[in-house]
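Structure file my_file09.cif (mmCIF, C-alpha atoms) is printed below.
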data_entry
#
loop_
_atom_site.label_atom_id
_atom_site.label_comp_id
_atom_site.auth_asym_id
_atom_site.auth_seq_id
_atom_site.Cartn_x
_atom_site.Cartn_y
_atom_site.Cartn_z
CA GLN A 2 0.00 0.00 0.00
CA VAL A 3 1.52 3.28 -1.11
CA GLN A 4 1.49 6.19 1.31
CA LEU A 5 2.53 9.73 0.43
CA VAL A 6 3.59 12.03 3.26
CA GLU A 7 4.03 15.75 2.66
CA SER A 8 6.14 18.00 4.86
CA GLY A 9 8.00 21.28 4.85
CA GLY A 10 5.16 23.76 5.01
CA ALA A 11 5.56 26.86 7.14
CA SER A 12 4.61 30.49 7.53
CA VAL A 13 6.86 32.87 5.60
CA GLN A 14 6.85 36.44 4.39
CA ALA A 15 6.32 37.39 0.78
CA GLY A 16 9.49 36.95 -1.22
CA GLY A 17 10.66 34.05 0.91
CA SER A 18 11.36 30.44 -0.04
CA LEU A 19 10.31 27.00 1.11
CA ARG A 20 11.05 23.46 0.03
CA LEU A 21 8.26 20.91 0.37
CA SER A 22 8.93 17.18 0.51
CA CYS A 23 6.79 14.23 -0.51
CA ALA A 24 8.04 10.91 0.79
CA ALA A 25 6.59 7.79 -0.81
CA SER A 26 6.48 4.45 0.94
CA GLY A 27 6.67 1.29 -1.12
CA SER A 28 9.85 0.46 -3.02
CA THR A 29 7.90 -0.48 -6.13
CA PHE A 30 6.17 2.89 -6.38
CA SER A 31 7.34 4.33 -9.66
CA PRO A 32 4.65 6.44 -11.28
CA LYS A 33 4.86 7.82 -14.81
CA ALA A 34 4.30 11.29 -13.39
CA MET A 35 4.12 12.88 -9.95
CA GLY A 36 2.71 16.25 -9.16
CA TRP A 37 2.09 18.85 -6.54
CA PHE A 38 -1.37 20.23 -5.99
CA ARG A 39 -2.72 22.94 -3.70
CA GLN A 40 -6.04 23.81 -2.15
CA ILE A 41 -7.31 27.01 -0.63
CA PRO A 42 -10.23 26.52 1.77
CA GLY A 43 -13.49 26.72 -0.13
CA ASN A 44 -11.77 26.16 -3.47
CA GLN A 45 -11.08 23.09 -5.54
CA ARG A 46 -7.69 21.43 -5.38
CA GLY A 47 -5.59 22.60 -8.29
CA TRP A 48 -2.52 21.29 -10.04
CA VAL A 49 0.74 23.19 -9.53
CA ALA A 50 3.63 21.18 -10.98
CA ARG A 51 4.36 17.83 -12.62
CA LEU A 52 7.49 15.74 -13.06
CA ARG A 53 7.39 12.88 -15.53
CA SER A 54 9.51 9.75 -15.26
CA ASP A 55 11.51 10.91 -18.31
CA GLY A 56 12.62 13.96 -16.34
CA THR A 57 10.49 16.55 -18.09
CA ASP A 58 8.45 18.94 -16.00
CA ASP A 59 5.78 21.56 -16.38
CA TYR A 60 4.04 24.09 -14.20
CA ALA A 61 0.88 26.05 -13.75
CA ALA A 62 1.23 29.54 -15.20
CA SER A 63 0.87 31.13 -11.76
CA VAL A 64 4.03 29.46 -10.44
CA LYS A 65 6.18 29.03 -13.54
CA GLY A 66 9.63 30.52 -13.02
CA ARG A 67 9.23 30.50 -9.23
CA PHE A 68 8.62 26.82 -8.36
CA THR A 69 10.73 23.79 -9.27
CA ILE A 70 9.76 20.14 -8.89
CA SER A 71 12.44 17.50 -8.46
CA LYS A 72 13.02 13.97 -7.19
CA ASP A 73 15.62 12.17 -5.12
CA ASN A 74 15.55 8.65 -6.55
CA ALA A 75 17.53 7.16 -3.69
CA LYS A 76 14.98 8.42 -1.17
CA ASN A 77 11.91 8.00 -3.38
CA THR A 78 11.04 11.54 -2.39
CA TRP A 79 9.75 14.39 -4.51
CA TYR A 80 10.36 18.05 -3.73
CA LEU A 81 8.83 21.38 -4.57
CA GLN A 82 11.22 24.29 -4.28
CA MET A 83 9.20 27.47 -3.98
CA ASN A 84 10.93 30.82 -4.41
CA ASN A 85 9.63 34.39 -4.40
CA LEU A 86 6.51 33.29 -2.56
CA LYS A 87 3.41 35.46 -2.81
CA PRO A 88 0.39 35.73 -0.49
CA GLU A 89 -1.71 34.03 -3.18
CA ASP A 90 0.47 30.92 -2.79
CA THR A 91 -1.09 30.38 0.64
CA ALA A 92 -2.73 26.94 0.58
CA VAL A 93 -2.45 23.34 1.71
CA TYR A 94 -0.07 21.55 -0.63
CA TYR A 95 -0.43 17.89 -1.58
CA CYS A 96 1.49 15.47 -3.76
CA ASN A 97 -0.01 12.71 -5.85
CA THR A 98 0.37 10.93 -9.14
CA VAL A 99 -0.70 12.74 -12.29
CA PRO A 100 -3.48 12.04 -13.00
CA SER A 101 -4.24 11.77 -9.31
CA THR A 102 -5.02 8.52 -7.50
CA VAL A 103 -7.83 8.93 -5.02
CA ASN A 104 -6.31 6.60 -2.42
CA TYR A 105 -2.99 8.44 -2.40
CA TRP A 106 -4.15 11.80 -1.04
CA GLY A 107 -2.34 12.55 2.22
CA GLN A 108 -2.82 15.19 4.89
CA GLY A 109 -0.95 17.84 2.96
CA THR A 110 1.29 20.54 4.35
CA GLN A 111 0.22 24.13 5.05
CA VAL A 112 2.02 27.03 3.42
CA SER A 113 1.13 30.51 4.61
CA VAL A 114 2.61 33.60 2.98
CA SER A 115 2.11 37.00 4.58
CA SER A 116 2.53 40.33 2.84
#
Could you express the structure from this file as structure tokens?
Amino acid sequence: QVQLVESGGASVQAGGSLRLSCAASGSTFSPKAMGWFRQIPGNQRGWVARLRSDGTDDYAASVKGRFTISKDNAKNTWYLQMNNLKPEDTAVYYCNTVPSTVNYWGQGTQVSVSS
């Protein structure tokens, strides 16, 4: 049973940086694509970034140039480096396969950006 655990969220000021982590249990877990998603209370969960198994990545327009998704193969952990954070980046961040797998949603990690 695969479990995804997000961590690294915090409260920061606008312009700051954070690195989120997504640790996957299960040595055989090797999706074709992994992504980061975020959800603001009262809104739908939205896609932020994707990393394919061939190493290519893409991003939502709102974060392109500021966020970078990566993976540590040895640790089976995905990361989201977030730079130049803005108040509108405030949300709970989740990782999951792309397209998402309903049973893989974790608790997420809260990112709060103050102006």
Dump as a PDB file with C-alpha atoms, keeping the file's coordinate frame all residues having an atom at most 9 Å from (3.6, 29.7, -6.3), computed in the file's coordinates with all atoms listed in the file.
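Ended up saving to selection-v1.pdb:
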ATOM      1  CA  VAL A  49       0.740  23.190  -9.530  1.00  0.00           C
ATOM      2  CA  ALA A  61       0.880  26.050 -13.750  1.00  0.00           C
ATOM      3  CA  SER A  63       0.870  31.130 -11.760  1.00  0.00           C
ATOM      4  CA  VAL A  64       4.030  29.460 -10.440  1.00  0.00           C
ATOM      5  CA  LYS A  65       6.180  29.030 -13.540  1.00  0.00           C
ATOM      6  CA  ARG A  67       9.230  30.500  -9.230  1.00  0.00           C
ATOM      7  CA  PHE A  68       8.620  26.820  -8.360  1.00  0.00           C
ATOM      8  CA  MET A  83       9.200  27.470  -3.980  1.00  0.00           C
ATOM      9  CA  ASN A  84      10.930  30.820  -4.410  1.00  0.00           C
ATOM     10  CA  ASN A  85       9.630  34.390  -4.400  1.00  0.00           C
ATOM     11  CA  LEU A  86       6.510  33.290  -2.560  1.00  0.00           C
ATOM     12  CA  LYS A  87       3.410  35.460  -2.810  1.00  0.00           C
ATOM     13  CA  PRO A  88       0.390  35.730  -0.490  1.00  0.00           C
ATOM     14  CA  GLU A  89      -1.710  34.030  -3.180  1.00  0.00           C
ATOM     15  CA  ASP A  90       0.470  30.920  -2.790  1.00  0.00           C
ATOM     16  CA  THR A  91      -1.090  30.380   0.640  1.00  0.00           C
TER      17      THR A  91
END
Expanded to explicit residues, what is the PyMOL selection byres ((chain A and resi 72) around 10) for this file, as a ChimeraX atom specification? /A:22-24,35,52,54,56,70-71,73-81
From the set A:Gln14, A:Leu21, A:Gln4, A:Gly66, which residue has the shortest atom-to-atom contact distance to Arg39 of chain A, counting all atoms listed in the file?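 Counting all atoms listed in the file, the residue closest to Arg39 of chain A is A:Leu21.
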Kindly give the distance, in Å, that separates atom CA of Val93 of chain A and atom CA of Ala34 of chain A, rounded to a single decimal. 20.5 Å
Ranking A:Gly109, A:Gly10, A:Gly27, A:Gly36 by minimum distance to Arg51 of chain A and counting all atoms listed in the file, which one comes first? A:Gly36
Find the spatial neighbours of Val103 of chain A, counting all atoms listed in the file, within a cut-off of 12 Å - ignore same-chain residues fewer than 5 positions away - and output them as a ChimeraX atom specification. /A:3-5,96-98
Between A:Gln111, A:Ala92, A:Ser116, A:Ser26, smallest distance to Gly9 of chain A by all atoms listed in the file belongs to A:Gln111
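Comparing A:Thr69, A:Lys33, A:Val99, A:Gln40 by their smallest distance to Asp55 of chain A, the closest is A:Lys33 (using only C-alpha atoms).
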Counting all atoms listed in the file, which of A:Gln108, A:Gln2, A:Ser12, A:Asn44 gets nearest to Thr29 of chain A?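 The answer is A:Gln2, which sits nearest to Thr29 of chain A.
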Every residue with an atom at most 6 Å from (2.0, 30.2, 5.6) (file coordinates; only C-alpha atoms) is what I'm after, so could you write them as JSON, numbers by chain? {"A": [11, 12, 13, 91, 112, 113, 114]}
Straight-line distance linking atom CA of Thr110 of chain A with atom CA of Tyr60 of chain A, stated in Å to one decimal: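 According to the coordinates, atom CA of Thr110 of chain A and atom CA of Tyr60 of chain A are separated by 19.1 Å.
Take atom CA of Ala62 of chain A and atom CA of Gly107 of chain A: the distance between them is 24.6 Å.
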Nearest candidate to Ser31 of chain A (options A:Pro100, A:Leu19, A:Arg53, A:Ser115; using only C-alpha atoms):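 Checking each of A:Pro100, A:Leu19, A:Arg53, A:Ser115 against Ser31 of chain A, counting only C-alpha atoms, the winner is A:Arg53.
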